[in-house]
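Written out below as structure tokens is the structure these notes cover.
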Amino acid sequence: MKLVALAVFLATAYAPVQALWPLPQHIETGSSTLRLAPTFQITVAGHGVPGDLVAAASRTKQYLFGDKLERLVVGRGAVDAPSFGHAKVLSRLTLSLERGASFASVTSEAQKAPEDRDEAYHLVLPADGSAATITANSTLGLFRGLTTFSQLWYEHDNTIYTVSAPVTIQDAPAYPYRGLMLDTARNYFPVSDIKRTLDAMSWVKINQFHWHIVDSQSFPLEIPGFTDLAQKGAYSSSQVYTPNDVRDIVSYAGERGIDVMIEIDTPGHTAIIAEAHPEYVACPGATPWATYANEPPAGQLRFADAKVTDYIAKLFTAVTAMFPSKLFSTGGDELNTNCYSIDEPTQASLNATGRTLEQALDAFTQETHKALEVKGKTPVVWEEMVLVHNVTLSKETKVLVWISSANVKAVAEKGFQLIHAASDYFYLDCGGGGWVGNNPDGNSWCDPFKTWQHSYSFDPTANLTAEESKLVLGGQHLLWTEQSSPQNLDPIVWPRAASSAELFWSGPGLNISTALPRLHDVAYRMRQRGVNAISLQPEWCALRPGACDLTA
């Protein structure tokens, strides 16, 4: 009797269509099998259809016919084969904008300010073989609908099919910012790895690539007018991102509905600038490094020097021309005051102007942020710029809360829009052991390992008032790469980072037990598409949803 009850529960709680990720806001499904015609076509109705939407439709067809993913059930696709003979056949999917809407490129819509992006769509898949439709008020919404459509299908014995027709979906994200941060300074990642990551991001509707491109260890970004920084600060001449590389990555991301937010972290995390301009950096290479920096090598900008402020303002201006995003992160984290205490030029500058270090930091921040704002950029900072330092920030500034989720309330009380990036939930590098040498008992500072279940359980508005909750822009997973490189990029990111993608698209409070089978599906489909996502459980468990739950 118990076995029968479990079978009924599994059949209802883990319906096949629930492989969709992120889970749509509203969905109605049936239980009919529908086959995809070998001649299946995707058409776009209307005039002025942008090329990147046409390209997205072409990629979707490639996924539909190339995924060759069998359904994750015992017996795989063979259990569905008896229904193929009498199944209707779908020959066409039509995309169209709602009345009154006009086409713009996917790229241009993805690169809008987060709160201005429209990603809503309506998908209808009839069971009788008549044309499926996706409608939206924006090209970006149509693109998101294509992503969902591609997840509905499986393959067995050269038949592409779904067992959930008819399907009706009305969908839109709970939060406009759903991101992934990658650090390419501790270790370098070729353009191909970044593109593969962007592909995977788009499959789970992550829309913001936060590119932490430079840091104290290396400066791989070639900036017109400032090329000496990469010439002297990159690990090698082959480990750089040229302006052409940047254009390629920004374009590739935009075509996949992703905006690229660059981060040039200042005034800390800048020791590498001393390779080109030693006169601009305080305490370069000071030892013991742990006294003067959070990581080796020590060295921070001499921001009390007006020449340094002017230099960084001009550098920021040059970088704005490379990245069309409305967002630009200036960092501002982990400033070590010991470095300035021993730096004679900094002390001389402070004495000559009668300012404190905090006053000099305020002037530096205002001047460099002004350089961004005149170019139409919105500054993004780490939380210390709001909670630790007494600096003047525009109320438009966005704040990344990273040290602890417990600090979200304090940032919200200051009235700033915030992005969840808490190390206690979203740091992908935690739990990897210590990387500092000559420290055999060392652990990662943010232990333990952050499982997908842990990040999935996060509440974006915990302890916030209704008004403070409106300040939450969204959130992101982050990968700091002290112990990561191209060799382990995919396994450390995927499918864990998909958990925040659903959290900030579908909203919090979803069921972990019913999410797991869908996340298995994400990982298996990613592997079919060339992304080396790790397994979350033995395959025996993946084929038997719920059977490996702790209470099963």
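Just so we're on the same page: first chain in the structure tokens is A, next is B, and so on; residues restart at 1 for each chain, and ligands are numbered from 1 in the order they show up.
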Output as a PDB file with N, CA and C atoms, in the first residue's frame all residues of stretch 375-454 of chain A that backbone DSSP marks as strand (DSSP E).
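Below is the file selection_36.pdb, written as the result:
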```
ATOM      1  N   THR A 378      25.563  53.993 -14.129  1.00  0.00           N
ATOM      2  CA  THR A 378      25.181  53.939 -12.724  1.00  0.00           C
ATOM      3  C   THR A 378      26.251  53.181 -11.949  1.00  0.00           C
ATOM      4  N   PRO A 379      26.877  53.814 -10.952  1.00  0.00           N
ATOM      5  CA  PRO A 379      27.903  53.108 -10.180  1.00  0.00           C
ATOM      6  C   PRO A 379      27.313  51.966  -9.350  1.00  0.00           C
ATOM      7  N   VAL A 380      28.087  50.901  -9.242  1.00  0.00           N
ATOM      8  CA  VAL A 380      27.758  49.760  -8.389  1.00  0.00           C
ATOM      9  C   VAL A 380      28.944  49.552  -7.460  1.00  0.00           C
ATOM     10  N   VAL A 381      28.688  49.387  -6.165  1.00  0.00           N
ATOM     11  CA  VAL A 381      29.775  49.275  -5.180  1.00  0.00           C
ATOM     12  C   VAL A 381      29.536  48.073  -4.281  1.00  0.00           C
ATOM     13  N   TRP A 382      30.618  47.603  -3.670  1.00  0.00           N
ATOM     14  CA  TRP A 382      30.499  46.613  -2.609  1.00  0.00           C
ATOM     15  C   TRP A 382      30.034  47.306  -1.322  1.00  0.00           C
ATOM     16  N   LYS A 398      23.964  51.313  -6.894  1.00  0.00           N
ATOM     17  CA  LYS A 398      23.532  49.976  -6.483  1.00  0.00           C
ATOM     18  C   LYS A 398      24.603  49.373  -5.573  1.00  0.00           C
ATOM     19  N   VAL A 399      24.172  48.572  -4.609  1.00  0.00           N
ATOM     20  CA  VAL A 399      25.095  48.041  -3.600  1.00  0.00           C
ATOM     21  C   VAL A 399      25.062  46.512  -3.607  1.00  0.00           C
ATOM     22  N   LEU A 400      26.226  45.918  -3.785  1.00  0.00           N
ATOM     23  CA  LEU A 400      26.387  44.468  -3.694  1.00  0.00           C
ATOM     24  C   LEU A 400      26.656  44.093  -2.235  1.00  0.00           C
ATOM     25  N   VAL A 401      25.758  43.329  -1.642  1.00  0.00           N
ATOM     26  CA  VAL A 401      25.923  42.904  -0.248  1.00  0.00           C
ATOM     27  C   VAL A 401      26.592  41.536  -0.257  1.00  0.00           C
ATOM     28  N   GLN A 417      19.262  50.742  -3.538  1.00  0.00           N
ATOM     29  CA  GLN A 417      18.919  49.490  -4.176  1.00  0.00           C
ATOM     30  C   GLN A 417      20.073  48.516  -3.990  1.00  0.00           C
ATOM     31  N   LEU A 418      19.747  47.263  -3.753  1.00  0.00           N
ATOM     32  CA  LEU A 418      20.790  46.300  -3.406  1.00  0.00           C
ATOM     33  C   LEU A 418      20.685  45.043  -4.243  1.00  0.00           C
ATOM     34  N   ILE A 419      21.839  44.400  -4.371  1.00  0.00           N
ATOM     35  CA  ILE A 419      21.960  43.141  -5.097  1.00  0.00           C
ATOM     36  C   ILE A 419      22.506  42.096  -4.131  1.00  0.00           C
ATOM     37  N   HIS A 420      21.776  41.012  -3.962  1.00  0.00           N
ATOM     38  CA  HIS A 420      22.229  39.952  -3.053  1.00  0.00           C
ATOM     39  C   HIS A 420      23.432  39.224  -3.652  1.00  0.00           C
TER      40      HIS A 420
END
```
Worksheet item: Skipping near chain neighbours, those fewer than 2 positions away, what residues fall within 10 Å of stretch 29-41 of chain A using only C-alpha atoms, listed as a PyMOL selection string?
Response: chain A and resi 15-18+27+43+57-58+61+64-65+80-81+83-94+125-129+131+153-155+158-169
Item to complete: Could you give me, as JSON, numbers by chain, the residues within 7 Å of stretch 112-117 of chain A, counting only C-alpha atoms and dropping anything in the same chain fewer than 5 positions from it?
Response: {"A": [176, 177, 326]}
Item to complete: Could you check which of A:Ile264, A:Asn137, A:Arg544, A:Ala497 is closest to A:Arg71, using only C-alpha atoms?
Response: A:Arg544
Worksheet item: Taking the backbone alone, and naming residues the way the document does, which bits of stretch 423-510 of chain A are alpha helix (DSSP H) by DSSP, as a PyMOL selection string?
Response: chain A and resi 423-426+452-456+466-469+489-493+497-506
Discussion item. Show me, as an MDAnalysis selection string, the residues that have an atom within 7 Å of A:Phe426 when counting only C-alpha atoms, minus same-chain residues fewer than 5 positions from it.
Written reply: chainID A and resid 421 450 455 476:478
Once you have the residues from the selection above, write them out as a PDB file, in the first residue's frame, restricted to all heavy atoms.
```pdb
ATOM      1  N   ALA A 421      24.523  39.199  -2.892  1.00  0.00           N
ATOM      2  CA  ALA A 421      25.736  38.495  -3.306  1.00  0.00           C
ATOM      3  C   ALA A 421      26.419  37.910  -2.078  1.00  0.00           C
ATOM      4  O   ALA A 421      27.641  37.818  -2.016  1.00  0.00           O
ATOM      5  CB  ALA A 421      26.667  39.446  -4.049  1.00  0.00           C
ATOM      6  N   LYS A 450      28.905  25.810  -0.263  1.00  0.00           N
ATOM      7  CA  LYS A 450      27.532  26.306  -0.365  1.00  0.00           C
ATOM      8  C   LYS A 450      26.771  25.460  -1.398  1.00  0.00           C
ATOM      9  O   LYS A 450      26.953  25.619  -2.602  1.00  0.00           O
ATOM     10  CB  LYS A 450      27.524  27.781  -0.765  1.00  0.00           C
ATOM     11  CG  LYS A 450      28.351  28.684   0.170  1.00  0.00           C
ATOM     12  CD  LYS A 450      27.827  28.651   1.607  1.00  0.00           C
ATOM     13  CE  LYS A 450      28.584  29.593   2.523  1.00  0.00           C
ATOM     14  NZ  LYS A 450      29.886  29.110   2.976  1.00  0.00           N
ATOM     15  N   SER A 455      21.599  27.835  -1.232  1.00  0.00           N
ATOM     16  CA  SER A 455      21.310  29.091  -1.918  1.00  0.00           C
ATOM     17  C   SER A 455      19.847  29.160  -2.344  1.00  0.00           C
ATOM     18  O   SER A 455      19.224  30.233  -2.306  1.00  0.00           O
ATOM     19  CB  SER A 455      22.234  29.269  -3.125  1.00  0.00           C
ATOM     20  OG  SER A 455      22.168  28.168  -3.996  1.00  0.00           O
ATOM     21  N   GLN A 476      22.893  37.229  -7.236  1.00  0.00           N
ATOM     22  CA  GLN A 476      23.814  36.509  -8.118  1.00  0.00           C
ATOM     23  C   GLN A 476      24.685  35.535  -7.343  1.00  0.00           C
ATOM     24  O   GLN A 476      24.935  35.709  -6.150  1.00  0.00           O
ATOM     25  CB  GLN A 476      24.714  37.502  -8.850  1.00  0.00           C
ATOM     26  CG  GLN A 476      25.643  38.307  -7.941  1.00  0.00           C
ATOM     27  CD  GLN A 476      26.460  39.343  -8.707  1.00  0.00           C
ATOM     28  OE1 GLN A 476      25.992  39.973  -9.637  1.00  0.00           O
ATOM     29  NE2 GLN A 476      27.699  39.520  -8.289  1.00  0.00           N
ATOM     30  N   HIS A 477      25.134  34.507  -8.057  1.00  0.00           N
ATOM     31  CA  HIS A 477      26.232  33.679  -7.584  1.00  0.00           C
ATOM     32  C   HIS A 477      27.548  34.332  -8.001  1.00  0.00           C
ATOM     33  O   HIS A 477      27.582  35.126  -8.960  1.00  0.00           O
ATOM     34  CB  HIS A 477      26.138  32.275  -8.174  1.00  0.00           C
ATOM     35  CG  HIS A 477      25.414  31.304  -7.287  1.00  0.00           C
ATOM     36  ND1 HIS A 477      24.056  31.076  -7.357  1.00  0.00           N
ATOM     37  CD2 HIS A 477      25.873  30.479  -6.303  1.00  0.00           C
ATOM     38  CE1 HIS A 477      23.709  30.164  -6.461  1.00  0.00           C
ATOM     39  NE2 HIS A 477      24.798  29.780  -5.809  1.00  0.00           N
ATOM     40  N   LEU A 478      28.625  33.970  -7.291  1.00  0.00           N
ATOM     41  CA  LEU A 478      29.929  34.570  -7.562  1.00  0.00           C
ATOM     42  C   LEU A 478      31.008  33.492  -7.500  1.00  0.00           C
ATOM     43  O   LEU A 478      30.983  32.625  -6.621  1.00  0.00           O
ATOM     44  CB  LEU A 478      30.271  35.663  -6.542  1.00  0.00           C
ATOM     45  CG  LEU A 478      29.241  36.777  -6.339  1.00  0.00           C
ATOM     46  CD1 LEU A 478      28.266  36.417  -5.218  1.00  0.00           C
ATOM     47  CD2 LEU A 478      29.909  38.106  -6.020  1.00  0.00           C
TER      48      LEU A 478
END
```
Worksheet entry | Contacts of stretch 525-529 of chain A within 8 Å, only C-alpha atoms, excl. fewer than 6 positions in-chain, as a PyMOL selection string | chain A and resi 63+67-69+200
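Restricting the calculation to only C-alpha atoms, the smallest distance between A:Asp549 and any of A:Ile512, A:Asn443, A:Leu471, A:His520 is found for A:Ile512.
You can rank A:Asn244, A:Leu543, A:Leu393, A:Val250 by their closest distance to A:Glu70 using only C-alpha atoms, and at the top of that list sits A:Leu543.
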With only C-alpha atoms as the counted atoms, please give the residues lying no more than 12 Å from A:Thr461, apart from itself and same-chain residues fewer than 6 positions off, as an mmCIF file with N, CA, C and O atoms, in the first residue's frame.
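As a result, selection.cif now contains:
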```cif
data_model
loop_
_atom_site.group_PDB
_atom_site.id
_atom_site.type_symbol
_atom_site.label_atom_id
_atom_site.label_comp_id
_atom_site.auth_asym_id
_atom_site.auth_seq_id
_atom_site.Cartn_x
_atom_site.Cartn_y
_atom_site.Cartn_z
ATOM 1 N N TYR A 175 12.438 39.228 -10.125
ATOM 2 C CA TYR A 175 13.445 40.273 -9.945
ATOM 3 C C TYR A 175 14.145 40.544 -11.277
ATOM 4 O O TYR A 175 14.411 39.613 -12.036
ATOM 5 N N SER A 405 24.727 37.981 4.617
ATOM 6 C CA SER A 405 23.322 38.301 4.381
ATOM 7 C C SER A 405 22.733 39.100 5.532
ATOM 8 O O SER A 405 21.721 39.796 5.359
ATOM 9 N N ALA A 406 23.368 39.035 6.693
ATOM 10 C CA ALA A 406 22.885 39.801 7.845
ATOM 11 C C ALA A 406 23.018 41.309 7.624
ATOM 12 O O ALA A 406 22.412 42.098 8.363
ATOM 13 N N VAL A 408 22.152 42.948 4.878
ATOM 14 C CA VAL A 408 21.181 43.451 3.902
ATOM 15 C C VAL A 408 20.296 44.527 4.524
ATOM 16 O O VAL A 408 20.043 45.579 3.915
ATOM 17 N N LYS A 409 19.832 44.284 5.714
ATOM 18 C CA LYS A 409 18.928 45.227 6.394
ATOM 19 C C LYS A 409 19.578 46.595 6.535
ATOM 20 O O LYS A 409 18.941 47.625 6.261
ATOM 21 N N ALA A 412 19.623 48.391 3.198
ATOM 22 C CA ALA A 412 18.266 48.828 2.847
ATOM 23 C C ALA A 412 17.853 50.041 3.669
ATOM 24 O O ALA A 412 17.188 50.952 3.156
ATOM 25 N N LEU A 418 19.747 47.263 -3.753
ATOM 26 C CA LEU A 418 20.790 46.300 -3.406
ATOM 27 C C LEU A 418 20.685 45.043 -4.243
ATOM 28 O O LEU A 418 19.624 44.685 -4.759
ATOM 29 N N ILE A 419 21.839 44.400 -4.371
ATOM 30 C CA ILE A 419 21.960 43.141 -5.097
ATOM 31 C C ILE A 419 22.506 42.096 -4.131
ATOM 32 O O ILE A 419 23.568 42.289 -3.533
ATOM 33 N N HIS A 420 21.776 41.012 -3.962
ATOM 34 C CA HIS A 420 22.229 39.952 -3.053
ATOM 35 C C HIS A 420 23.432 39.224 -3.652
ATOM 36 O O HIS A 420 23.366 38.703 -4.770
ATOM 37 N N GLU A 467 8.554 48.373 2.322
ATOM 38 C CA GLU A 467 9.218 49.412 1.535
ATOM 39 C C GLU A 467 10.670 49.045 1.254
ATOM 40 O O GLU A 467 11.179 49.275 0.154
ATOM 41 N N GLU A 468 11.356 48.484 2.247
ATOM 42 C CA GLU A 468 12.744 48.066 2.052
ATOM 43 C C GLU A 468 12.839 46.936 1.034
ATOM 44 O O GLU A 468 13.798 46.860 0.256
ATOM 45 N N SER A 469 11.837 46.071 1.002
ATOM 46 C CA SER A 469 11.840 44.944 0.063
ATOM 47 C C SER A 469 11.843 45.422 -1.380
ATOM 48 O O SER A 469 12.367 44.740 -2.274
ATOM 49 N N LYS A 470 11.276 46.595 -1.638
ATOM 50 C CA LYS A 470 11.244 47.146 -2.990
ATOM 51 C C LYS A 470 12.633 47.532 -3.482
ATOM 52 O O LYS A 470 12.826 47.749 -4.683
ATOM 53 N N LEU A 471 13.594 47.626 -2.568
ATOM 54 C CA LEU A 471 14.955 48.006 -2.941
ATOM 55 C C LEU A 471 15.777 46.820 -3.445
ATOM 56 O O LEU A 471 16.883 47.005 -3.950
ATOM 57 N N VAL A 472 15.249 45.614 -3.306
ATOM 58 C CA VAL A 472 15.979 44.423 -3.747
ATOM 59 C C VAL A 472 15.881 44.322 -5.268
ATOM 60 O O VAL A 472 14.803 44.128 -5.828
ATOM 61 N N LEU A 473 17.023 44.465 -5.943
ATOM 62 C CA LEU A 473 17.067 44.412 -7.401
ATOM 63 C C LEU A 473 17.162 42.970 -7.903
ATOM 64 O O LEU A 473 16.754 42.662 -9.015
ATOM 65 N N GLY A 474 17.723 42.103 -7.067
ATOM 66 C CA GLY A 474 17.913 40.701 -7.439
ATOM 67 C C GLY A 474 19.126 40.141 -6.746
ATOM 68 O O GLY A 474 19.447 40.539 -5.616
ATOM 69 N N GLY A 475 19.821 39.229 -7.422
ATOM 70 C CA GLY A 475 20.975 38.614 -6.782
ATOM 71 C C GLY A 475 21.792 37.804 -7.763
ATOM 72 O O GLY A 475 21.445 37.664 -8.940
ATOM 73 N N LEU A 503 15.670 31.176 -8.098
ATOM 74 C CA LEU A 503 15.270 31.934 -6.912
ATOM 75 C C LEU A 503 14.838 33.347 -7.290
ATOM 76 O O LEU A 503 13.799 33.836 -6.831
ATOM 77 N N PHE A 504 15.640 33.998 -8.158
ATOM 78 C CA PHE A 504 15.352 35.398 -8.478
ATOM 79 C C PHE A 504 14.463 35.558 -9.714
ATOM 80 O O PHE A 504 14.033 36.672 -10.006
ATOM 81 N N GLY A 507 10.970 33.488 -7.739
ATOM 82 C CA GLY A 507 10.674 33.957 -6.399
ATOM 83 C C GLY A 507 10.990 32.891 -5.364
ATOM 84 O O GLY A 507 11.124 31.709 -5.681
ATOM 85 N N PRO A 508 11.129 33.292 -4.104
ATOM 86 C CA PRO A 508 11.528 32.352 -3.046
ATOM 87 C C PRO A 508 10.364 31.475 -2.595
ATOM 88 O O PRO A 508 9.217 31.675 -2.993
ATOM 89 N N GLY A 509 10.714 30.511 -1.753
ATOM 90 C CA GLY A 509 9.693 29.690 -1.116
ATOM 91 C C GLY A 509 9.286 28.452 -1.880
ATOM 92 O O GLY A 509 8.330 27.775 -1.510
#
```
Worksheet item: What's the 9 Å shell around stretch 206-216 of chain A, counting only C-alpha atoms, without same-chain residues fewer than 3 positions away, as number ranges by chain?
Response: A: 110, 114, 176-186, 198, 200-203, 219-221, 253, 256-265, 268-273, 295-300, 329, 476, 478, 480, 498, 500-502, 505
Discussion item. Report, in Å to a single decimal, how far apart atom CA of A:Val74 and atom CA of A:His156 are.
Written reply: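 Computing the Euclidean distance for atom CA of A:His156 and atom CA of A:Val74 yields 13.5 Å.
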Worksheet item: Closest to A:Val531 among A:Ile492, A:Leu464, A:Leu97, A:Ala172, using only C-alpha atoms?
Response: A:Ile492
Item to complete: Tell me which of A:Phe149, A:Phe328, A:Phe323, A:Tyr340 sits closest to A:Arg302, counting only C-alpha atoms.
Response: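 So, comparing all the options, the nearest one is A:Tyr340.
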Worksheet item: Of the residues A:Trp540, A:Ser423, A:Pro284, A:Gly546, which is the one nearest to A:Gly75, using only C-alpha atoms?
Response: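 So, comparing all the options, the nearest one is A:Trp540.
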Practice prompt. Enter the distance from atom CA of A:Met385 to atom CA of A:Ala174, in Å, rounded to one decimal.
Written response: 27.2 Å
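From atom CA of A:Ala55 back to atom CA of A:Ser138, the distance works out to 16.2 Å.
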